[in-house]
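Structure file final.pdb (PDB, C-alpha atoms and all ligand atoms) follows.
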```pdb
ATOM      1  CA  MET A 260     119.782  96.311  94.637  1.00  0.00           C
ATOM      2  CA  LEU A 261     117.176  96.813  91.956  1.00  0.00           C
ATOM      3  CA  PRO A 262     118.265  97.918  88.506  1.00  0.00           C
ATOM      4  CA  LYS A 263     116.819 101.404  87.860  1.00  0.00           C
ATOM      5  CA  LYS A 264     114.664 100.216  84.959  1.00  0.00           C
ATOM      6  CA  VAL A 265     113.171  97.411  87.053  1.00  0.00           C
ATOM      7  CA  GLU A 266     112.472  99.836  89.902  1.00  0.00           C
ATOM      8  CA  GLU A 267     110.700 102.150  87.449  1.00  0.00           C
ATOM      9  CA  ILE A 268     108.544  99.447  85.925  1.00  0.00           C
ATOM     10  CA  LEU A 269     107.631  98.092  89.388  1.00  0.00           C
ATOM     11  CA  ASN A 270     106.596 101.605  90.390  1.00  0.00           C
ATOM     12  CA  ARG A 271     104.468 101.770  87.252  1.00  0.00           C
ATOM     13  CA  GLN A 272     102.837  98.514  88.386  1.00  0.00           C
ATOM     14  CA  ILE A 273     102.183  99.961  91.855  1.00  0.00           C
ATOM     15  CA  GLU A 274     100.238 102.720  90.111  1.00  0.00           C
ATOM     16  CA  ARG A 275      98.314 100.236  87.966  1.00  0.00           C
ATOM     17  CA  GLU A 276      97.371  97.960  90.878  1.00  0.00           C
ATOM     18  CA  ASP A 277      96.280 101.019  92.835  1.00  0.00           C
ATOM     19  CA  TYR A 278      94.124 102.120  89.908  1.00  0.00           C
ATOM     20  CA  SER A 279      92.682  98.579  89.635  1.00  0.00           C
ATOM     21  CA  SER A 280      91.643  98.833  93.272  1.00  0.00           C
ATOM     22  CA  GLN A 281      89.983 102.215  92.698  1.00  0.00           C
ATOM     23  CA  LEU A 282      88.291 101.001  89.525  1.00  0.00           C
ATOM     24  CA  TYR A 283      86.778  97.936  91.219  1.00  0.00           C
ATOM     25  CA  LEU A 284      85.765 100.021  94.207  1.00  0.00           C
ATOM     26  CA  SER A 285      83.887 102.366  91.884  1.00  0.00           C
ATOM     27  CA  MET A 286      82.268  99.377  90.150  1.00  0.00           C
ATOM     28  CA  ALA A 287      81.329  97.911  93.567  1.00  0.00           C
ATOM     29  CA  SER A 288      79.644 101.133  94.600  1.00  0.00           C
ATOM     30  CA  TRP A 289      77.854 101.378  91.241  1.00  0.00           C
ATOM     31  CA  ALA A 290      76.600  97.776  91.533  1.00  0.00           C
ATOM     32  CA  GLU A 291      75.512  98.315  95.136  1.00  0.00           C
ATOM     33  CA  ASN A 292      73.429 101.315  94.113  1.00  0.00           C
ATOM     34  CA  LYS A 293      71.794  99.212  91.384  1.00  0.00           C
ATOM     35  CA  GLY A 294      70.774  96.603  93.992  1.00  0.00           C
ATOM     36  CA  PHE A 295      73.283  93.909  92.972  1.00  0.00           C
ATOM     37  CA  GLU A 296      74.425  92.694  96.371  1.00  0.00           C
ATOM     38  CA  GLY A 297      76.374  89.668  95.132  1.00  0.00           C
ATOM     39  CA  VAL A 298      78.100  91.580  92.335  1.00  0.00           C
ATOM     40  CA  SER A 299      79.058  94.425  94.655  1.00  0.00           C
ATOM     41  CA  ASN A 300      80.426  92.010  97.292  1.00  0.00           C
ATOM     42  CA  TRP A 301      82.573  90.366  94.630  1.00  0.00           C
ATOM     43  CA  LEU A 302      83.879  93.740  93.477  1.00  0.00           C
ATOM     44  CA  TYR A 303      84.539  95.051  97.015  1.00  0.00           C
ATOM     45  CA  SER A 304      86.653  91.934  97.670  1.00  0.00           C
ATOM     46  CA  GLN A 305      88.397  92.368  94.342  1.00  0.00           C
ATOM     47  CA  ALA A 306      89.210  95.997  95.220  1.00  0.00           C
ATOM     48  CA  GLU A 307      90.776  94.782  98.500  1.00  0.00           C
ATOM     49  CA  GLU A 308      92.782  92.179  96.653  1.00  0.00           C
ATOM     50  CA  GLU A 309      94.180  94.760  94.248  1.00  0.00           C
ATOM     51  CA  ARG A 310      95.271  96.876  97.186  1.00  0.00           C
ATOM     52  CA  ILE A 311      97.097  93.841  98.581  1.00  0.00           C
ATOM     53  CA  HIS A 312      98.811  93.411  95.193  1.00  0.00           C
ATOM     54  CA  MET A 313      99.904  97.033  95.354  1.00  0.00           C
ATOM     55  CA  LEU A 314     101.270  96.607  98.913  1.00  0.00           C
ATOM     56  CA  LYS A 315     103.157  93.485  97.879  1.00  0.00           C
ATOM     57  CA  LEU A 316     104.976  95.539  95.240  1.00  0.00           C
ATOM     58  CA  VAL A 317     105.607  98.463  97.617  1.00  0.00           C
ATOM     59  CA  LYS A 318     107.218  96.155 100.182  1.00  0.00           C
ATOM     60  CA  TYR A 319     109.319  94.359  97.603  1.00  0.00           C
ATOM     61  CA  VAL A 320     110.683  97.571  96.045  1.00  0.00           C
ATOM     62  CA  ASN A 321     111.613  98.952  99.486  1.00  0.00           C
ATOM     63  CA  GLU A 322     113.130  95.668 100.654  1.00  0.00           C
ATOM     64  CA  ARG A 323     115.404  95.634  97.623  1.00  0.00           C
ATOM     65  CA  ASP A 324     116.727  99.118  98.401  1.00  0.00           C
ATOM     66  CA  GLY A 325     114.515 100.803  95.840  1.00  0.00           C
ATOM     67  CA  VAL A 326     112.057 103.580  96.608  1.00  0.00           C
ATOM     68  CA  ALA A 327     108.377 102.722  96.229  1.00  0.00           C
ATOM     69  CA  LEU A 328     106.383 105.698  94.988  1.00  0.00           C
ATOM     70  CA  ILE A 329     102.844 105.992  96.302  1.00  0.00           C
ATOM     71  CA  PRO A 330     100.556 107.249  93.555  1.00  0.00           C
ATOM     72  CA  GLY A 331      97.890 109.916  93.928  1.00  0.00           C
ATOM     73  CA  ILE A 332      94.288 108.945  93.381  1.00  0.00           C
ATOM     74  CA  ASN A 333      93.358 108.562  89.748  1.00  0.00           C
ATOM     75  CA  THR A 334      89.586 108.970  89.557  1.00  0.00           C
ATOM     76  CA  PRO A 335      87.936 105.971  87.871  1.00  0.00           C
ATOM     77  CA  PRO A 336      84.719 106.175  85.813  1.00  0.00           C
ATOM     78  CA  LYS A 337      81.502 106.138  87.839  1.00  0.00           C
ATOM     79  CA  ASP A 338      79.027 104.639  85.383  1.00  0.00           C
ATOM     80  CA  PHE A 339      79.418 101.181  83.863  1.00  0.00           C
ATOM     81  CA  GLY A 340      76.324 100.699  81.698  1.00  0.00           C
ATOM     82  CA  ASP A 341      75.046  97.293  82.776  1.00  0.00           C
ATOM     83  CA  VAL A 342      76.568  94.212  84.427  1.00  0.00           C
ATOM     84  CA  PHE A 343      77.371  92.630  81.029  1.00  0.00           C
ATOM     85  CA  VAL A 344      79.303  95.691  79.892  1.00  0.00           C
ATOM     86  CA  MET A 345      80.926  96.033  83.299  1.00  0.00           C
ATOM     87  CA  PHE A 346      82.289  92.473  83.476  1.00  0.00           C
ATOM     88  CA  ASP A 347      83.620  92.836  79.924  1.00  0.00           C
ATOM     89  CA  GLN A 348      85.481  95.888  81.192  1.00  0.00           C
ATOM     90  CA  VAL A 349      86.826  93.884  84.151  1.00  0.00           C
ATOM     91  CA  LEU A 350      88.174  91.197  81.792  1.00  0.00           C
ATOM     92  CA  LYS A 351      89.671  93.796  79.461  1.00  0.00           C
ATOM     93  CA  HIS A 352      91.327  95.472  82.445  1.00  0.00           C
ATOM     94  CA  GLU A 353      92.757  92.177  83.745  1.00  0.00           C
ATOM     95  CA  LYS A 354      94.201  91.428  80.286  1.00  0.00           C
ATOM     96  CA  TYR A 355      95.848  94.838  80.349  1.00  0.00           C
ATOM     97  CA  ILE A 356      97.309  94.043  83.789  1.00  0.00           C
ATOM     98  CA  SER A 357      98.565  90.649  82.549  1.00  0.00           C
ATOM     99  CA  ALA A 358     100.323  92.386  79.640  1.00  0.00           C
ATOM    100  CA  SER A 359     101.801  94.853  82.107  1.00  0.00           C
ATOM    101  CA  ILE A 360     103.177  92.012  84.292  1.00  0.00           C
ATOM    102  CA  ASN A 361     104.668  90.386  81.191  1.00  0.00           C
ATOM    103  CA  GLU A 362     106.489  93.633  80.450  1.00  0.00           C
ATOM    104  CA  ILE A 363     108.008  93.464  83.947  1.00  0.00           C
ATOM    105  CA  VAL A 364     109.266  89.933  83.211  1.00  0.00           C
ATOM    106  CA  GLY A 365     110.768  91.290  79.978  1.00  0.00           C
ATOM    107  CA  ALA A 366     112.473  94.165  81.815  1.00  0.00           C
ATOM    108  CA  CYS A 367     113.904  91.751  84.418  1.00  0.00           C
ATOM    109  CA  ILE A 368     115.393  89.582  81.687  1.00  0.00           C
ATOM    110  CA  ALA A 369     116.802  92.604  79.836  1.00  0.00           C
ATOM    111  CA  GLU A 370     118.418  93.851  83.077  1.00  0.00           C
ATOM    112  CA  ASN A 371     119.607  90.392  84.242  1.00  0.00           C
ATOM    113  CA  ASP A 372     117.519  90.783  87.410  1.00  0.00           C
ATOM    114  CA  TYR A 373     116.711  87.119  87.975  1.00  0.00           C
ATOM    115  CA  THR A 374     115.687  87.710  91.592  1.00  0.00           C
ATOM    116  CA  THR A 375     112.814  89.978  90.566  1.00  0.00           C
ATOM    117  CA  GLN A 376     112.046  87.753  87.607  1.00  0.00           C
ATOM    118  CA  ASN A 377     111.583  84.896  90.070  1.00  0.00           C
ATOM    119  CA  TRP A 378     109.602  87.028  92.549  1.00  0.00           C
ATOM    120  CA  ILE A 379     107.217  88.366  89.906  1.00  0.00           C
ATOM    121  CA  GLN A 380     106.127  84.825  88.973  1.00  0.00           C
ATOM    122  CA  TRP A 381     103.538  85.035  91.780  1.00  0.00           C
ATOM    123  CA  PHE A 382     101.842  87.808  89.785  1.00  0.00           C
ATOM    124  CA  VAL A 383     102.109  85.824  86.539  1.00  0.00           C
ATOM    125  CA  THR A 384     100.213  82.934  88.167  1.00  0.00           C
ATOM    126  CA  GLU A 385      97.771  85.295  89.870  1.00  0.00           C
ATOM    127  CA  GLN A 386      96.861  86.843  86.503  1.00  0.00           C
ATOM    128  CA  ILE A 387      95.985  83.414  85.066  1.00  0.00           C
ATOM    129  CA  GLU A 388      93.575  82.941  87.999  1.00  0.00           C
ATOM    130  CA  GLU A 389      92.156  86.441  87.764  1.00  0.00           C
ATOM    131  CA  GLU A 390      91.415  86.183  84.050  1.00  0.00           C
ATOM    132  CA  SER A 391      89.907  82.724  84.373  1.00  0.00           C
ATOM    133  CA  SER A 392      87.631  83.668  87.297  1.00  0.00           C
ATOM    134  CA  VAL A 393      86.286  86.681  85.377  1.00  0.00           C
ATOM    135  CA  LYS A 394      85.773  84.516  82.271  1.00  0.00           C
ATOM    136  CA  ALA A 395      83.781  82.024  84.393  1.00  0.00           C
ATOM    137  CA  ILE A 396      81.590  84.874  85.636  1.00  0.00           C
ATOM    138  CA  ILE A 397      80.988  86.132  82.078  1.00  0.00           C
ATOM    139  CA  ASP A 398      80.086  82.588  80.938  1.00  0.00           C
ATOM    140  CA  LYS A 399      77.556  82.269  83.735  1.00  0.00           C
ATOM    141  CA  LEU A 400      76.157  85.721  83.017  1.00  0.00           C
ATOM    142  CA  ASN A 401      75.685  84.833  79.339  1.00  0.00           C
ATOM    143  CA  LEU A 402      74.163  81.485  80.232  1.00  0.00           C
ATOM    144  CA  LEU A 403      71.589  82.989  82.557  1.00  0.00           C
ATOM    145  CA  GLY A 404      70.877  85.983  80.315  1.00  0.00           C
ATOM    146  CA  LYS A 405      69.271  89.330  81.005  1.00  0.00           C
ATOM    147  CA  ASN A 406      66.105  87.820  82.497  1.00  0.00           C
ATOM    148  CA  ASN A 407      67.933  85.972  85.258  1.00  0.00           C
ATOM    149  CA  LEU A 408      70.095  88.704  86.732  1.00  0.00           C
ATOM    150  CA  TYR A 409      68.654  88.124  90.202  1.00  0.00           C
ATOM    151  CA  MET A 410      69.768  84.490  90.055  1.00  0.00           C
ATOM    152  CA  PHE A 411      73.159  85.544  88.709  1.00  0.00           C
ATOM    153  CA  ASP A 412      73.560  88.004  91.582  1.00  0.00           C
ATOM    154  CA  ARG A 413      72.804  85.210  94.084  1.00  0.00           C
ATOM    155  CA  ASP A 414      75.169  82.840  92.301  1.00  0.00           C
ATOM    156  CA  ILE A 415      78.148  85.163  92.260  1.00  0.00           C
ATOM    157  CA  MET A 416      78.051  85.166  96.080  1.00  0.00           C
ATOM    158  CA  THR A 417      79.558  81.678  95.910  1.00  0.00           C
ATOM    159  CA  MET A 418      81.973  82.425  93.060  1.00  0.00           C
ATOM    160  CA  ARG A 419      84.623  84.340  94.961  1.00  0.00           C
ATOM    161  CA  GLY A 420      87.781  82.769  93.546  1.00  0.00           C
ATOM    162  CA  ASP A 421      90.790  83.108  95.803  1.00  0.00           C
ATOM    163  CA  GLY A 422      91.047  84.879  99.112  1.00  0.00           C
ATOM    164  CA  GLU A 423      94.652  83.859  99.440  1.00  0.00           C
ATOM    165  CA  ALA A 424      96.334  87.076  98.434  1.00  0.00           C
ATOM    166  CA  SER A 425      98.639  88.475 101.081  1.00  0.00           C
ATOM    167  CA  ALA A 426     100.955  91.449 101.291  1.00  0.00           C
ATOM    168  CA  GLU A 427     103.650  89.320 102.964  1.00  0.00           C
TER     169      GLU A 427
HETATM  170 FE1  LIG A 501      96.251  92.816  90.541  1.00  0.00          FE
HETATM  171 FE2  LIG A 501      93.671  92.031  89.061  1.00  0.00          FE
HETATM  172  O1  LIG A 501      95.441  92.483  88.954  1.00  0.00           O
END
```
Translate the structure described by the file into structure tokens.
Amino acid sequence: MLPKKVEEILNRQIEREDYSSQLYLSMASWAENKGFEGVSNWLYSQAEEERIHMLKLVKYVNERDGVALIPGINTPPKDFGDVFVMFDQVLKHEKYISASINEIVGACIAENDYTTQNWIQWFVTEQIEEESSVKAIIDKLNLLGKNNLYMFDRDIMTMRGDGEASAE
């Protein structure tokens, strides 16, 4: 049985992962319309991954006799400036998600819910990977510069970090 406060904060995370998925989907569509095939592929996969994160949380909450709340669609922005600005936004967003996961760990400790504290470690590790893969992309983008965006777009095709996420 989940403590009420843990159930609430996990439901908040369901909402945030869902929004992450919508945000990256909007970025993917934006990039596709700008002709960035590699960037949009990366973002479409990222959007899928965020949905898997959300499902993971939904299943866990329900399995532990909580009630997972499915959020309504929160419309993300539709314009992201340029790819430099956009990837900075991705990193900023991932840092926000990492902080949010840390708050869940804090709530688990405060409520003596060591089962959830243990379970949520997957997300803690995942956030390290997510932040580092976005940082690697930003480094490459800065290295290649504004005049080599075509090369960057080709390169990012091979930079898809982990496809290992699963809702199970
Ligand atoms: Fe599910 Fe990128 O955080």
Inset, instruction - Could you give me the residues within 7 Å of ligand LIG 501 (chain A), counting all atoms listed in the file, as an MDAnalysis selection string? - result: chainID A and resid 276 279 309 312 353 356 386 389
Legend entry - Selection near A:Arg271, 12 Å with only C-alpha atoms, sequence-local residues under 6 positions removed, as a list in words: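 With the cut-off at 12 Å, the set is Lys264, Val265, Asp277, Tyr278, Met313, Leu316, Val317, Val320, Ala327, Leu328, Ile329, Pro330, Ile356, Ser359, Ile360, Glu362 and Ile363 of chain A.
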Inset, instruction - Find the residues near stretch 402-418 of chain A: any atom within 7 Å, counting only C-alpha atoms, skip ones fewer than 6 places away on the same chain, and give them as a list in words. - result: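 Counting only C-alpha atoms, the residues come to Phe295, Glu296, Gly297 and Val298 of chain A.
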Inset, instruction - I would like the residues chosen by the PyMOL selection byres (((chain A and resi 345) around 12) and not hetatm) on the shown file; could you give them as a ChimeraX atom specification? - result: /A:282-283,285-287,289-290,298-299,302,336-344,346-352,393,396-397,400
Inset, instruction - Please identify all polymer residues lying at most 9 Å from the point (115.2, 96.9, 90.2) (file coordinates), using only C-alpha atoms, and present the result as a list in words. - result: Met260, Leu261, Pro262, Lys263, Lys264, Val265, Glu266, Glu267, Ile268, Leu269, Val320, Arg323, Asp324, Gly325, Cys367, Glu370, Asp372 and Thr375 of chain A
Legend entry - Length of the atom CA of A:Ile379 to atom CA of A:Gln272 vector [Å]: 11.2 Å
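Remark: for A:Ile332, the closest of the candidate residues A:Asn300, A:Asn361, A:Asn292, A:Ser280 is A:Ser280 (distances computed over all atoms listed in the file).
Shortest atom-to-atom contact with A:Tyr355 among A:Arg275, A:Asp398, A:Ser304, A:Glu385: A:Arg275, counting all atoms listed in the file.
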Legend entry - atom CA of A:Val364 to atom CA of A:Gln376, distance in Å rounded to a single decimal: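 Taking atom CA of A:Val364 as the start and atom CA of A:Gln376 as the end point, the length is 5.6 Å.
Straight-line separation from atom CA of A:Lys394 to atom CA of A:Ser288: 21.6 Å.
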Inset, instruction - Measuring atom to atom with only C-alpha atoms, identify which of A:Ser357, A:Tyr373, A:Glu322, A:Ile311 is nearest to A:Glu388. - result: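 Closest to A:Glu388, using only C-alpha atoms: A:Ser357.
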Legend entry - Of the listed residues A:Glu274, A:Trp301, A:Val383, A:Lys399, that which approaches A:Leu314 most closely, counting all atoms listed in the file: A:Glu274
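Of the listed residues (A:Ser391, A:Asn401, A:Asn321, A:Gln281), A:Gln281 comes nearest to A:Pro335; the distances count only C-alpha atoms.
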Inset, instruction - Choose the residue, out of A:Leu284, A:Glu291, A:Thr384, A:Gly331, that has the smallest atom-to-atom separation from A:Glu307; count only C-alpha atoms. - result: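 Checking each of A:Leu284, A:Glu291, A:Thr384, A:Gly331 against A:Glu307, counting only C-alpha atoms, the winner is A:Leu284.
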What are the centre and edge lengths in Å, to one decimal, of the axis-aligned box around all listed atoms of stretch 272-287 of chain A with 3 Å added on each side, as AutoDock Vina command-line options?
```
--center_x 92.1 --center_y 100.3 --center_z 91.1 --size_x 27.5 --size_y 10.8 --size_z 12.2
```
Using the atoms already present, construct N, CA, C and O atoms for stretch 265-291 of chain A and hand them back as a PDB file, in the frame of the given file.
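Everything below was put into rebuild_38.pdb:
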```
ATOM      1  N   VAL A 265     114.107  98.332  86.384  1.00  0.00           N
ATOM      2  CA  VAL A 265     113.171  97.411  87.053  1.00  0.00           C
ATOM      3  C   VAL A 265     112.413  98.182  88.136  1.00  0.00           C
ATOM      4  O   VAL A 265     111.193  98.048  88.288  1.00  0.00           O
ATOM      5  N   GLU A 266     113.125  99.013  88.874  1.00  0.00           N
ATOM      6  CA  GLU A 266     112.472  99.836  89.902  1.00  0.00           C
ATOM      7  C   GLU A 266     111.371 100.699  89.262  1.00  0.00           C
ATOM      8  O   GLU A 266     110.259 100.805  89.790  1.00  0.00           O
ATOM      9  N   GLU A 267     111.689 101.282  88.115  1.00  0.00           N
ATOM     10  CA  GLU A 267     110.700 102.150  87.449  1.00  0.00           C
ATOM     11  C   GLU A 267     109.466 101.374  87.006  1.00  0.00           C
ATOM     12  O   GLU A 267     108.334 101.818  87.196  1.00  0.00           O
ATOM     13  N   ILE A 268     109.706 100.202  86.434  1.00  0.00           N
ATOM     14  CA  ILE A 268     108.544  99.447  85.925  1.00  0.00           C
ATOM     15  C   ILE A 268     107.726  98.859  87.081  1.00  0.00           C
ATOM     16  O   ILE A 268     106.508  98.720  86.984  1.00  0.00           O
ATOM     17  N   LEU A 269     108.379  98.557  88.206  1.00  0.00           N
ATOM     18  CA  LEU A 269     107.631  98.092  89.388  1.00  0.00           C
ATOM     19  C   LEU A 269     106.809  99.239  89.963  1.00  0.00           C
ATOM     20  O   LEU A 269     105.673  99.042  90.405  1.00  0.00           O
ATOM     21  N   ASN A 270     107.365 100.435  89.927  1.00  0.00           N
ATOM     22  CA  ASN A 270     106.596 101.605  90.390  1.00  0.00           C
ATOM     23  C   ASN A 270     105.401 101.877  89.470  1.00  0.00           C
ATOM     24  O   ASN A 270     104.328 102.269  89.930  1.00  0.00           O
ATOM     25  N   ARG A 271     105.596 101.638  88.183  1.00  0.00           N
ATOM     26  CA  ARG A 271     104.468 101.770  87.252  1.00  0.00           C
ATOM     27  C   ARG A 271     103.371 100.755  87.614  1.00  0.00           C
ATOM     28  O   ARG A 271     102.185 101.060  87.578  1.00  0.00           O
ATOM     29  N   GLN A 272     103.811  99.552  88.015  1.00  0.00           N
ATOM     30  CA  GLN A 272     102.837  98.514  88.386  1.00  0.00           C
ATOM     31  C   GLN A 272     102.112  98.863  89.688  1.00  0.00           C
ATOM     32  O   GLN A 272     100.927  98.567  89.837  1.00  0.00           O
ATOM     33  N   ILE A 273     102.828  99.502  90.608  1.00  0.00           N
ATOM     34  CA  ILE A 273     102.183  99.961  91.855  1.00  0.00           C
ATOM     35  C   ILE A 273     101.014 100.880  91.494  1.00  0.00           C
ATOM     36  O   ILE A 273      99.908 100.754  92.007  1.00  0.00           O
ATOM     37  N   GLU A 274     101.269 101.779  90.553  1.00  0.00           N
ATOM     38  CA  GLU A 274     100.238 102.720  90.111  1.00  0.00           C
ATOM     39  C   GLU A 274      99.061 101.971  89.469  1.00  0.00           C
ATOM     40  O   GLU A 274      97.894 102.280  89.721  1.00  0.00           O
ATOM     41  N   ARG A 275      99.375 100.966  88.672  1.00  0.00           N
ATOM     42  CA  ARG A 275      98.314 100.236  87.966  1.00  0.00           C
ATOM     43  C   ARG A 275      97.486  99.373  88.917  1.00  0.00           C
ATOM     44  O   ARG A 275      96.279  99.234  88.738  1.00  0.00           O
ATOM     45  N   GLU A 276      98.134  98.766  89.907  1.00  0.00           N
ATOM     46  CA  GLU A 276      97.371  97.960  90.878  1.00  0.00           C
ATOM     47  C   GLU A 276      96.501  98.881  91.740  1.00  0.00           C
ATOM     48  O   GLU A 276      95.369  98.534  92.084  1.00  0.00           O
ATOM     49  N   ASP A 277      97.046 100.039  92.060  1.00  0.00           N
ATOM     50  CA  ASP A 277      96.280 101.019  92.835  1.00  0.00           C
ATOM     51  C   ASP A 277      95.048 101.461  92.035  1.00  0.00           C
ATOM     52  O   ASP A 277      93.942 101.533  92.568  1.00  0.00           O
ATOM     53  N   TYR A 278      95.256 101.720  90.744  1.00  0.00           N
ATOM     54  CA  TYR A 278      94.124 102.120  89.908  1.00  0.00           C
ATOM     55  C   TYR A 278      93.103 100.979  89.804  1.00  0.00           C
ATOM     56  O   TYR A 278      91.893 101.215  89.837  1.00  0.00           O
ATOM     57  N   SER A 279      93.594  99.737  89.695  1.00  0.00           N
ATOM     58  CA  SER A 279      92.682  98.579  89.635  1.00  0.00           C
ATOM     59  C   SER A 279      91.793  98.570  90.872  1.00  0.00           C
ATOM     60  O   SER A 279      90.581  98.337  90.791  1.00  0.00           O
ATOM     61  N   SER A 280      92.395  98.822  92.029  1.00  0.00           N
ATOM     62  CA  SER A 280      91.643  98.833  93.272  1.00  0.00           C
ATOM     63  C   SER A 280      90.567  99.922  93.240  1.00  0.00           C
ATOM     64  O   SER A 280      89.410  99.694  93.600  1.00  0.00           O
ATOM     65  N   GLN A 281      90.949 101.105  92.780  1.00  0.00           N
ATOM     66  CA  GLN A 281      89.983 102.215  92.698  1.00  0.00           C
ATOM     67  C   GLN A 281      88.871 101.921  91.691  1.00  0.00           C
ATOM     68  O   GLN A 281      87.706 102.231  91.921  1.00  0.00           O
ATOM     69  N   LEU A 282      89.267 101.318  90.568  1.00  0.00           N
ATOM     70  CA  LEU A 282      88.291 101.001  89.525  1.00  0.00           C
ATOM     71  C   LEU A 282      87.254 100.006  90.048  1.00  0.00           C
ATOM     72  O   LEU A 282      86.044 100.206  89.882  1.00  0.00           O
ATOM     73  N   TYR A 283      87.713  98.945  90.720  1.00  0.00           N
ATOM     74  CA  TYR A 283      86.778  97.936  91.219  1.00  0.00           C
ATOM     75  C   TYR A 283      85.943  98.468  92.381  1.00  0.00           C
ATOM     76  O   TYR A 283      84.798  98.065  92.562  1.00  0.00           O
ATOM     77  N   LEU A 284      86.529  99.386  93.138  1.00  0.00           N
ATOM     78  CA  LEU A 284      85.765 100.021  94.207  1.00  0.00           C
ATOM     79  C   LEU A 284      84.619 100.849  93.624  1.00  0.00           C
ATOM     80  O   LEU A 284      83.484 100.824  94.106  1.00  0.00           O
ATOM     81  N   SER A 285      84.920 101.562  92.544  1.00  0.00           N
ATOM     82  CA  SER A 285      83.887 102.366  91.884  1.00  0.00           C
ATOM     83  C   SER A 285      82.804 101.455  91.295  1.00  0.00           C
ATOM     84  O   SER A 285      81.607 101.737  91.395  1.00  0.00           O
ATOM     85  N   MET A 286      83.235 100.337  90.697  1.00  0.00           N
ATOM     86  CA  MET A 286      82.268  99.377  90.150  1.00  0.00           C
ATOM     87  C   MET A 286      81.417  98.782  91.283  1.00  0.00           C
ATOM     88  O   MET A 286      80.211  98.588  91.122  1.00  0.00           O
ATOM     89  N   ALA A 287      82.046  98.490  92.422  1.00  0.00           N
ATOM     90  CA  ALA A 287      81.329  97.911  93.567  1.00  0.00           C
ATOM     91  C   ALA A 287      80.238  98.865  94.043  1.00  0.00           C
ATOM     92  O   ALA A 287      79.093  98.470  94.288  1.00  0.00           O
ATOM     93  N   SER A 288      80.589 100.125  94.141  1.00  0.00           N
ATOM     94  CA  SER A 288      79.644 101.133  94.600  1.00  0.00           C
ATOM     95  C   SER A 288      78.498 101.289  93.593  1.00  0.00           C
ATOM     96  O   SER A 288      77.328 101.379  93.964  1.00  0.00           O
ATOM     97  N   TRP A 289      78.857 101.287  92.314  1.00  0.00           N
ATOM     98  CA  TRP A 289      77.854 101.378  91.241  1.00  0.00           C
ATOM     99  C   TRP A 289      76.880 100.202  91.338  1.00  0.00           C
ATOM    100  O   TRP A 289      75.660 100.375  91.307  1.00  0.00           O
ATOM    101  N   ALA A 290      77.437  98.981  91.478  1.00  0.00           N
ATOM    102  CA  ALA A 290      76.600  97.776  91.533  1.00  0.00           C
ATOM    103  C   ALA A 290      75.715  97.779  92.783  1.00  0.00           C
ATOM    104  O   ALA A 290      74.553  97.377  92.744  1.00  0.00           O
ATOM    105  N   GLU A 291      76.282  98.262  93.888  1.00  0.00           N
ATOM    106  CA  GLU A 291      75.512  98.315  95.136  1.00  0.00           C
ATOM    107  C   GLU A 291      74.304  99.246  94.967  1.00  0.00           C
ATOM    108  O   GLU A 291      73.196  98.923  95.379  1.00  0.00           O
TER     109      GLU A 291
END
```
